[in-house]
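For reference, input.cif is printed below; it contains mmCIF, C-alpha atoms, pLDDT in the B column; chains and numbers go by the auth columns.
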```cif
data_target
loop_
_atom_site.group_PDB
_atom_site.id
_atom_site.type_symbol
_atom_site.label_atom_id
_atom_site.label_comp_id
_atom_site.label_asym_id
_atom_site.label_seq_id
_atom_site.Cartn_x
_atom_site.Cartn_y
_atom_site.Cartn_z
_atom_site.B_iso_or_equiv
_atom_site.auth_seq_id
_atom_site.auth_asym_id
ATOM 1 C CA GLY A 1 0.000 0.000 0.000 88.00 1 K
ATOM 2 C CA ILE A 2 3.010 2.353 -0.117 93.00 2 K
ATOM 3 C CA LYS A 3 3.356 4.703 -3.065 91.00 3 K
ATOM 4 C CA THR A 4 6.441 6.552 -4.135 92.00 4 K
ATOM 5 C CA ALA A 5 6.730 9.729 -6.156 89.00 5 K
ATOM 6 C CA ALA A 6 9.479 11.950 -7.476 90.00 6 K
ATOM 7 C CA VAL A 7 10.521 14.832 -5.284 88.00 7 K
ATOM 8 C CA THR A 8 9.566 18.200 -6.772 86.00 8 K
ATOM 9 C CA LYS A 9 10.615 21.631 -5.726 84.00 9 K
ATOM 10 C CA ARG A 10 7.853 24.244 -5.463 81.00 10 K
ATOM 11 C CA ASN A 11 7.155 27.570 -3.825 83.00 11 K
ATOM 12 C CA LEU A 12 5.417 27.512 -0.475 85.00 12 K
ATOM 13 C CA ARG A 13 2.664 30.029 0.201 87.00 13 K
ATOM 14 C CA HIS A 14 0.874 31.240 3.266 87.00 14 K
ATOM 15 C CA SER A 15 -2.717 32.329 2.677 92.00 15 K
ATOM 16 C CA ILE A 16 -3.960 35.212 4.796 93.00 16 K
ATOM 17 C CA GLN A 17 -7.693 35.757 5.113 94.00 17 K
ATOM 18 C CA ALA A 18 -8.821 39.126 6.423 94.00 18 K
ATOM 19 C CA SER A 19 -11.897 41.276 6.618 93.00 19 K
ATOM 20 C CA GLY A 20 -11.957 44.799 5.363 94.00 20 K
ATOM 21 C CA LYS A 21 -14.064 47.612 4.038 93.00 21 K
ATOM 22 C CA VAL A 22 -14.003 50.128 1.262 92.00 22 K
ATOM 23 C CA ALA A 23 -12.604 53.229 2.866 84.00 23 K
ATOM 24 C CA TYR A 24 -14.575 56.211 3.952 81.00 24 K
ATOM 25 C CA ASP A 25 -11.742 58.005 5.721 79.00 25 K
ATOM 26 C CA PRO A 26 -12.365 61.685 6.450 82.00 26 K
ATOM 27 C CA ASP A 27 -9.410 61.779 8.882 84.00 27 K
ATOM 28 C CA LEU A 28 -6.896 60.790 6.202 83.00 28 K
ATOM 29 C CA TYR A 29 -8.586 63.079 3.692 82.00 29 K
ATOM 30 C CA ASN A 30 -8.359 66.010 6.134 86.00 30 K
ATOM 31 C CA ALA A 31 -4.712 65.218 6.873 87.00 31 K
ATOM 32 C CA LEU A 32 -3.905 65.147 3.146 86.00 32 K
ATOM 33 C CA THR A 33 -5.679 68.447 2.459 86.00 33 K
ATOM 34 C CA GLU A 34 -3.976 70.001 5.496 89.00 34 K
ATOM 35 C CA TYR A 35 -0.609 68.929 4.089 89.00 35 K
ATOM 36 C CA GLN A 36 -1.508 70.291 0.628 87.00 36 K
ATOM 37 C CA SER A 37 -2.542 73.618 2.161 87.00 37 K
ATOM 38 C CA ALA A 38 0.650 73.816 4.218 89.00 38 K
ATOM 39 C CA VAL A 39 2.805 73.127 1.138 88.00 39 K
ATOM 40 C CA GLY A 40 0.898 75.805 -0.793 86.00 40 K
ATOM 41 C CA ALA A 41 1.352 78.321 2.026 86.00 41 K
ATOM 42 C CA GLN A 42 5.055 77.518 2.229 87.00 42 K
ATOM 43 C CA LYS A 43 5.481 78.156 -1.506 86.00 43 K
ATOM 44 C CA GLN A 44 3.691 81.492 -1.195 85.00 44 K
ATOM 45 C CA SER A 45 5.778 82.560 1.777 84.00 45 K
ATOM 46 C CA ALA A 46 9.107 81.462 0.251 79.00 46 K
ATOM 47 C CA ASP A 47 9.823 85.017 -0.942 81.00 47 K
ATOM 48 C CA SER A 48 8.856 86.635 2.349 79.00 48 K
ATOM 49 C CA PRO A 49 11.459 89.013 3.780 82.00 49 K
ATOM 50 C CA TRP A 50 10.606 87.862 7.315 83.00 50 K
ATOM 51 C CA PRO A 51 12.410 84.681 8.385 79.00 51 K
ATOM 52 C CA ASP A 52 9.731 83.857 10.979 85.00 52 K
ATOM 53 C CA VAL A 53 7.136 83.421 8.241 83.00 53 K
ATOM 54 C CA ASN A 54 9.331 80.906 6.412 83.00 54 K
ATOM 55 C CA GLU A 55 10.116 79.008 9.617 86.00 55 K
ATOM 56 C CA ARG A 56 6.464 78.781 10.643 88.00 56 K
ATOM 57 C CA SER A 57 5.292 77.644 7.212 88.00 57 K
ATOM 58 C CA LEU A 58 8.026 74.981 7.143 88.00 58 K
ATOM 59 C CA ALA A 59 6.983 73.840 10.624 91.00 59 K
ATOM 60 C CA LEU A 60 3.375 73.487 9.411 91.00 60 K
ATOM 61 C CA VAL A 61 4.518 71.339 6.461 90.00 61 K
ATOM 62 C CA LYS A 62 6.648 69.149 8.728 91.00 62 K
ATOM 63 C CA GLY A 63 3.815 68.741 11.238 92.00 63 K
ATOM 64 C CA ALA A 64 1.293 67.807 8.555 91.00 64 K
ATOM 65 C CA ALA A 65 3.769 65.347 6.999 90.00 65 K
ATOM 66 C CA LEU A 66 4.396 63.777 10.417 90.00 66 K
ATOM 67 C CA ARG A 67 0.662 63.273 10.903 90.00 67 K
ATOM 68 C CA LEU A 68 0.446 61.486 7.532 87.00 68 K
ATOM 69 C CA ARG A 69 3.437 59.263 8.394 85.00 69 K
ATOM 70 C CA GLN A 70 1.768 58.385 11.692 84.00 70 K
ATOM 71 C CA MET A 71 -1.271 57.322 9.671 82.00 71 K
ATOM 72 C CA GLY A 72 0.919 54.825 7.788 77.00 72 K
ATOM 73 C CA LEU A 73 1.927 56.684 4.631 79.00 73 K
ATOM 74 C CA SER A 74 5.523 56.698 3.425 77.00 74 K
ATOM 75 C CA GLU A 75 7.283 59.853 2.273 81.00 75 K
ATOM 76 C CA SER A 76 6.914 58.884 -1.401 76.00 76 K
ATOM 77 C CA GLN A 77 3.207 58.104 -0.924 76.00 77 K
ATOM 78 C CA ILE A 78 2.653 61.480 0.719 80.00 78 K
ATOM 79 C CA HIS A 79 4.173 63.258 -2.260 77.00 79 K
ATOM 80 C CA GLU A 80 2.309 61.041 -4.743 74.00 80 K
ATOM 81 C CA LEU A 81 -1.088 61.581 -3.083 69.00 81 K
ATOM 82 C CA THR A 82 -0.624 65.315 -2.641 69.00 82 K
ATOM 83 C CA ARG A 83 0.629 66.115 -6.135 72.00 83 K
ATOM 84 C CA ASP A 84 -2.925 66.032 -7.457 67.00 84 K
ATOM 85 C CA PRO A 85 -5.479 67.803 -5.215 62.00 85 K
ATOM 86 C CA MET A 86 -8.265 65.517 -6.499 62.00 86 K
ATOM 87 C CA SER A 87 -6.352 62.270 -5.831 62.00 87 K
ATOM 88 C CA ALA A 88 -7.686 61.915 -2.292 66.00 88 K
ATOM 89 C CA GLN A 89 -11.335 62.450 -3.250 63.00 89 K
ATOM 90 C CA ASN A 90 -11.978 58.689 -3.309 62.00 90 K
ATOM 91 C CA LEU A 91 -11.512 58.643 0.478 67.00 91 K
ATOM 92 C CA LEU A 92 -14.764 60.624 0.804 63.00 92 K
ATOM 93 C CA LEU A 93 -16.649 60.167 -2.440 60.00 93 K
ATOM 94 C CA SER A 94 -17.212 57.165 -4.679 58.00 94 K
ATOM 95 C CA GLN A 95 -15.490 58.869 -7.587 61.00 95 K
ATOM 96 C CA GLY A 96 -12.562 58.097 -9.798 67.00 96 K
ATOM 97 C CA ASP A 97 -11.139 54.897 -11.175 82.00 97 K
ATOM 98 C CA SER A 98 -10.036 53.403 -7.850 83.00 98 K
ATOM 99 C CA VAL A 99 -10.996 53.066 -4.205 87.00 99 K
ATOM 100 C CA TRP A 100 -9.084 52.421 -1.014 88.00 100 K
ATOM 101 C CA VAL A 101 -9.805 49.218 0.867 93.00 101 K
ATOM 102 C CA TYR A 102 -8.718 48.891 4.494 93.00 102 K
ATOM 103 C CA ALA A 103 -7.888 45.422 5.796 95.00 103 K
ATOM 104 C CA GLN A 104 -7.177 44.385 9.372 94.00 104 K
ATOM 105 C CA ILE A 105 -4.165 42.040 9.540 94.00 105 K
ATOM 106 C CA TYR A 106 -3.554 40.266 12.833 93.00 106 K
ATOM 107 C CA GLU A 107 -0.263 40.614 14.654 93.00 107 K
ATOM 108 C CA TYR A 108 0.946 37.071 13.974 93.00 108 K
ATOM 109 C CA GLU A 109 0.589 37.603 10.192 93.00 109 K
ATOM 110 C CA ILE A 110 2.298 40.997 9.914 92.00 110 K
ATOM 111 C CA SER A 111 5.596 39.531 8.727 91.00 111 K
ATOM 112 C CA TYR A 112 3.882 38.171 5.594 93.00 112 K
ATOM 113 C CA ILE A 113 2.598 41.567 4.410 93.00 113 K
ATOM 114 C CA HIS A 114 4.616 44.071 2.385 91.00 114 K
ATOM 115 C CA ILE A 115 3.974 47.117 0.232 90.00 115 K
ATOM 116 C CA GLY A 116 3.351 46.259 -3.404 91.00 116 K
ATOM 117 C CA GLN A 117 1.804 42.872 -2.644 93.00 117 K
ATOM 118 C CA THR A 118 -1.160 41.752 -4.771 95.00 118 K
ATOM 119 C CA VAL A 119 -4.463 41.198 -2.978 96.00 119 K
ATOM 120 C CA GLN A 120 -7.681 39.422 -4.025 96.00 120 K
ATOM 121 C CA ILE A 121 -10.921 41.008 -2.823 96.00 121 K
ATOM 122 C CA GLN A 122 -14.444 39.584 -2.851 96.00 122 K
ATOM 123 C CA SER A 123 -17.713 41.184 -1.845 95.00 123 K
ATOM 124 C CA ALA A 124 -20.990 39.503 -0.920 94.00 124 K
ATOM 125 C CA ALA A 125 -22.667 42.004 -3.243 93.00 125 K
ATOM 126 C CA TYR A 126 -20.957 40.421 -6.262 94.00 126 K
ATOM 127 C CA PRO A 127 -20.797 36.631 -5.806 94.00 127 K
ATOM 128 C CA GLY A 128 -18.146 35.025 -7.972 92.00 128 K
ATOM 129 C CA ARG A 129 -16.498 38.333 -8.855 94.00 129 K
ATOM 130 C CA SER A 130 -12.997 39.073 -7.674 95.00 130 K
ATOM 131 C CA PHE A 131 -11.235 42.429 -7.510 96.00 131 K
ATOM 132 C CA ARG A 132 -7.471 42.852 -7.486 96.00 132 K
ATOM 133 C CA GLY A 133 -5.575 45.452 -5.542 95.00 133 K
ATOM 134 C CA LEU A 134 -2.102 46.392 -4.336 94.00 134 K
ATOM 135 C CA VAL A 135 -0.984 46.995 -0.772 93.00 135 K
ATOM 136 C CA ARG A 136 0.021 50.671 -0.722 87.00 136 K
ATOM 137 C CA SER A 137 0.651 51.311 2.980 85.00 137 K
ATOM 138 C CA ILE A 138 0.828 49.584 6.326 88.00 138 K
ATOM 139 C CA ASP A 139 0.100 51.452 9.548 85.00 139 K
ATOM 140 C CA PRO A 140 3.175 51.805 11.744 83.00 140 K
ATOM 141 C CA SER A 141 1.396 50.985 14.997 84.00 141 K
ATOM 142 C CA LEU A 142 -0.651 48.038 16.179 88.00 142 K
ATOM 143 C CA SER A 143 -4.166 48.447 17.552 87.00 143 K
ATOM 144 C CA ALA A 144 -4.059 47.584 21.252 88.00 144 K
ATOM 145 C CA GLU A 145 -7.696 46.444 21.225 92.00 145 K
ATOM 146 C CA THR A 146 -7.643 44.112 18.226 91.00 146 K
ATOM 147 C CA ARG A 147 -3.912 43.310 18.016 92.00 147 K
ATOM 148 C CA SER A 148 -4.031 44.097 14.298 92.00 148 K
ATOM 149 C CA LEU A 149 -2.621 46.556 11.782 90.00 149 K
ATOM 150 C CA LYS A 150 -4.535 48.535 9.203 90.00 150 K
ATOM 151 C CA VAL A 151 -3.334 47.837 5.681 92.00 151 K
ATOM 152 C CA ARG A 152 -4.387 50.212 2.899 89.00 152 K
ATOM 153 C CA ILE A 153 -5.030 48.630 -0.490 92.00 153 K
ATOM 154 C CA LEU A 154 -5.614 50.558 -3.709 89.00 154 K
ATOM 155 C CA VAL A 155 -8.181 48.776 -5.887 92.00 155 K
ATOM 156 C CA PRO A 156 -9.136 49.684 -9.468 91.00 156 K
ATOM 157 C CA ASN A 157 -12.867 50.396 -9.569 88.00 157 K
ATOM 158 C CA ALA A 158 -13.544 51.780 -13.048 84.00 158 K
ATOM 159 C CA ASP A 159 -17.146 50.542 -13.102 88.00 159 K
ATOM 160 C CA GLY A 160 -17.911 51.898 -9.610 86.00 160 K
ATOM 161 C CA ALA A 161 -18.955 48.481 -8.288 91.00 161 K
ATOM 162 C CA LEU A 162 -17.207 48.922 -4.936 91.00 162 K
ATOM 163 C CA LYS A 163 -19.057 51.439 -2.768 90.00 163 K
ATOM 164 C CA LEU A 164 -17.808 53.331 0.270 88.00 164 K
ATOM 165 C CA GLU A 165 -18.254 51.464 3.578 90.00 165 K
ATOM 166 C CA MET A 166 -18.869 48.153 1.744 94.00 166 K
ATOM 167 C CA PHE A 167 -17.539 45.126 3.656 96.00 167 K
ATOM 168 C CA VAL A 168 -15.184 42.849 1.729 96.00 168 K
ATOM 169 C CA ASN A 169 -13.204 39.657 2.217 97.00 169 K
ATOM 170 C CA ILE A 170 -9.516 39.836 1.487 96.00 170 K
ATOM 171 C CA GLN A 171 -7.111 37.094 0.564 95.00 171 K
ATOM 172 C CA ILE A 172 -3.362 37.616 0.413 94.00 172 K
ATOM 173 C CA GLN A 173 -0.988 34.929 -0.818 90.00 173 K
ATOM 174 C CA ALA A 174 2.384 35.411 0.856 87.00 174 K
ATOM 175 C CA GLU A 175 5.268 33.703 -0.930 83.00 175 K
ATOM 176 C CA LEU A 176 7.467 31.799 1.520 81.00 176 K
ATOM 177 C CA GLY A 177 10.044 30.607 -1.031 71.00 177 K
ATOM 178 C CA PHE A 178 11.266 27.049 -1.506 65.00 178 K
#
```
Would you write the structure of this file as structure tokens?
Amino acid sequence: GIKTAAVTKRNLRHSIQASGKVAYDPDLYNALTEYQSAVGAQKQSADSPWPDVNERSLALVKGAALRLRQMGLSESQIHELTRDPMSAQNLLLSQGDSVWVYAQIYEYEISYIHIGQTVQIQSAAYPGRSFRGLVRSIDPSLSAETRSLKVRILVPNADGALKLEMFVNIQIQAELGF
């Protein structure tokens, strides 16, 4: 009753299942617009003859950038999201070609998540349909209550199927190597 087979080498994967929702995030939107306003004010005050004005406007930019970094955005993401004033609209309105999806990843699975990772998303509203997204940011601090991190995923949504506050199921395949 014993069978033998040839040894094959293959990649191992760890599948992470998480719950999430399509983002309605006025706090992040406000932080982004605050940063955009501070950068605009700094540019306007750059030619000011008073050094205090320049110092204060620079302090406002640094403070707003710090708030965004505390919310899990990297320096490059801050600049990318603030280049276009309309880019953050999808945090408040169901507009544009993409939406943000927030997933809660438990502490013991954090090491499997990284920026740029592909994510599969399903919604009960669309049985059998799968959406693909990319992990764009990972919060720097763990929630003490849930022992999880918020992961932000950017998902193409050209047809507007995903609506703000919609609950979704998320699956992430983490490559473990050979």
field: Spatial sel., origin (-19.0, 46.6, 2.9), limit 7 Å, all atoms listed in the file, listed as JSON, numbers by chain
entry: {"K": [21, 22, 165, 166, 167, 168]}
For region 67-75 of chain K: contacts at 6 Å, all atoms listed in the file, fewer than 4 positions along chain excluded, given as a PyMOL selection string: chain K and resi 137-140
Explicit residues for the PyMOL selection byres ((chain K and resi 142) around 12) (as a PDB file with C-alpha atoms, in the coordinates of the input):
```
ATOM      1  CA  GLN K  70       1.768  58.385  11.692  1.00 84.00           C
ATOM      2  CA  MET K  71      -1.271  57.322   9.671  1.00 82.00           C
ATOM      3  CA  GLY K  72       0.919  54.825   7.788  1.00 77.00           C
ATOM      4  CA  GLN K 104      -7.177  44.385   9.372  1.00 94.00           C
ATOM      5  CA  ILE K 105      -4.165  42.040   9.540  1.00 94.00           C
ATOM      6  CA  TYR K 106      -3.554  40.266  12.833  1.00 93.00           C
ATOM      7  CA  GLU K 107      -0.263  40.614  14.654  1.00 93.00           C
ATOM      8  CA  TYR K 108       0.946  37.071  13.974  1.00 93.00           C
ATOM      9  CA  ILE K 110       2.298  40.997   9.914  1.00 92.00           C
ATOM     10  CA  ILE K 138       0.828  49.584   6.326  1.00 88.00           C
ATOM     11  CA  ASP K 139       0.100  51.452   9.548  1.00 85.00           C
ATOM     12  CA  PRO K 140       3.175  51.805  11.744  1.00 83.00           C
ATOM     13  CA  SER K 141       1.396  50.985  14.997  1.00 84.00           C
ATOM     14  CA  SER K 143      -4.166  48.447  17.552  1.00 87.00           C
ATOM     15  CA  ALA K 144      -4.059  47.584  21.252  1.00 88.00           C
ATOM     16  CA  GLU K 145      -7.696  46.444  21.225  1.00 92.00           C
ATOM     17  CA  THR K 146      -7.643  44.112  18.226  1.00 91.00           C
ATOM     18  CA  ARG K 147      -3.912  43.310  18.016  1.00 92.00           C
ATOM     19  CA  SER K 148      -4.031  44.097  14.298  1.00 92.00           C
ATOM     20  CA  LEU K 149      -2.621  46.556  11.782  1.00 90.00           C
ATOM     21  CA  LYS K 150      -4.535  48.535   9.203  1.00 90.00           C
ATOM     22  CA  VAL K 151      -3.334  47.837   5.681  1.00 92.00           C
TER      23      VAL K 151
END
```
Hits of the PyMOL selection byres ((chain K and resi 11) around 7) in this structure, as a VMD selection string: chain K and resid 10 12 to 13 176 to 178
May I have the selected residues written with C-alpha atoms, as an mmCIF file, in the frame of the given file?
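Saved the output as selection_22.cif:
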```
data_model
loop_
_atom_site.group_PDB
_atom_site.id
_atom_site.type_symbol
_atom_site.label_atom_id
_atom_site.label_comp_id
_atom_site.auth_asym_id
_atom_site.auth_seq_id
_atom_site.Cartn_x
_atom_site.Cartn_y
_atom_site.Cartn_z
ATOM 1 C CA ARG K 10 7.853 24.244 -5.463
ATOM 2 C CA LEU K 12 5.417 27.512 -0.475
ATOM 3 C CA ARG K 13 2.664 30.029 0.201
ATOM 4 C CA LEU K 176 7.467 31.799 1.520
ATOM 5 C CA GLY K 177 10.044 30.607 -1.031
ATOM 6 C CA PHE K 178 11.266 27.049 -1.506
#
```
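Nearest residue to Ser123 (chain K) among K:Val101, K:Ala6, K:Ile16, K:Ala174 is K:Val101, counting all atoms listed in the file.
Taking CA of Tyr112 (chain K) as the reference point, CA of Phe131 (chain K) is found at 20.5 Å.
As for CA of Ala38 (chain K) and CA of Asp52 (chain K), they are spaced 15.1 Å apart.
Neighbouring residues of Arg132 (chain K) at 8 Å or closer, counting all atoms listed in the file and skipping chain neighbours under 6 positions away, are Thr118, Val119, Gln120, Ile121, Val155 and Pro156 of chain K.
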task: Could you jot down the CA of Ile78 (chain K) to CA of Gly63 (chain K) separation for me, Å, one decimal place?
output: 12.8 Å
Take every atom of region 71-75 of chain K listed in the file, pad by 8 Å on each side, and give me the axis-aligned box centre and edge lengths in Å, one decimal, as lines of an AutoDock Vina configuration file.
```
center_x = 3.0
center_y = 57.3
center_z = 6.0
size_x = 24.6
size_y = 21.0
size_z = 23.4
```
Close residues, Trp100 (chain K) itself excluded, 6 Å, only C-alpha atoms, min 4 positions apart in chain, as JSON, numbers by chain: {"K": [22, 23, 153, 154]}
task: Check what the PyMOL selection byres ((chain K and resi 41-46) around 12) selects in the file above and give those residues as JSON, numbers by chain.
output: {"K": [34, 35, 36, 37, 38, 39, 40, 47, 48, 49, 50, 51, 52, 53, 54, 55, 56, 57, 58, 59, 60, 61, 62]}
query: Contacts of Asp97 (chain K) at 10 Å or less, counting all atoms listed in the file, minus same-chain residues fewer than 5 places along, as a PyMOL selection string?
result: chain K and resi 90+155-160
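Between Gly20 (chain K) and the candidates K:Arg129, K:Arg152, K:Lys163, K:Arg83, the tightest atom-to-atom separation, counting all atoms listed in the file, involves K:Arg152.
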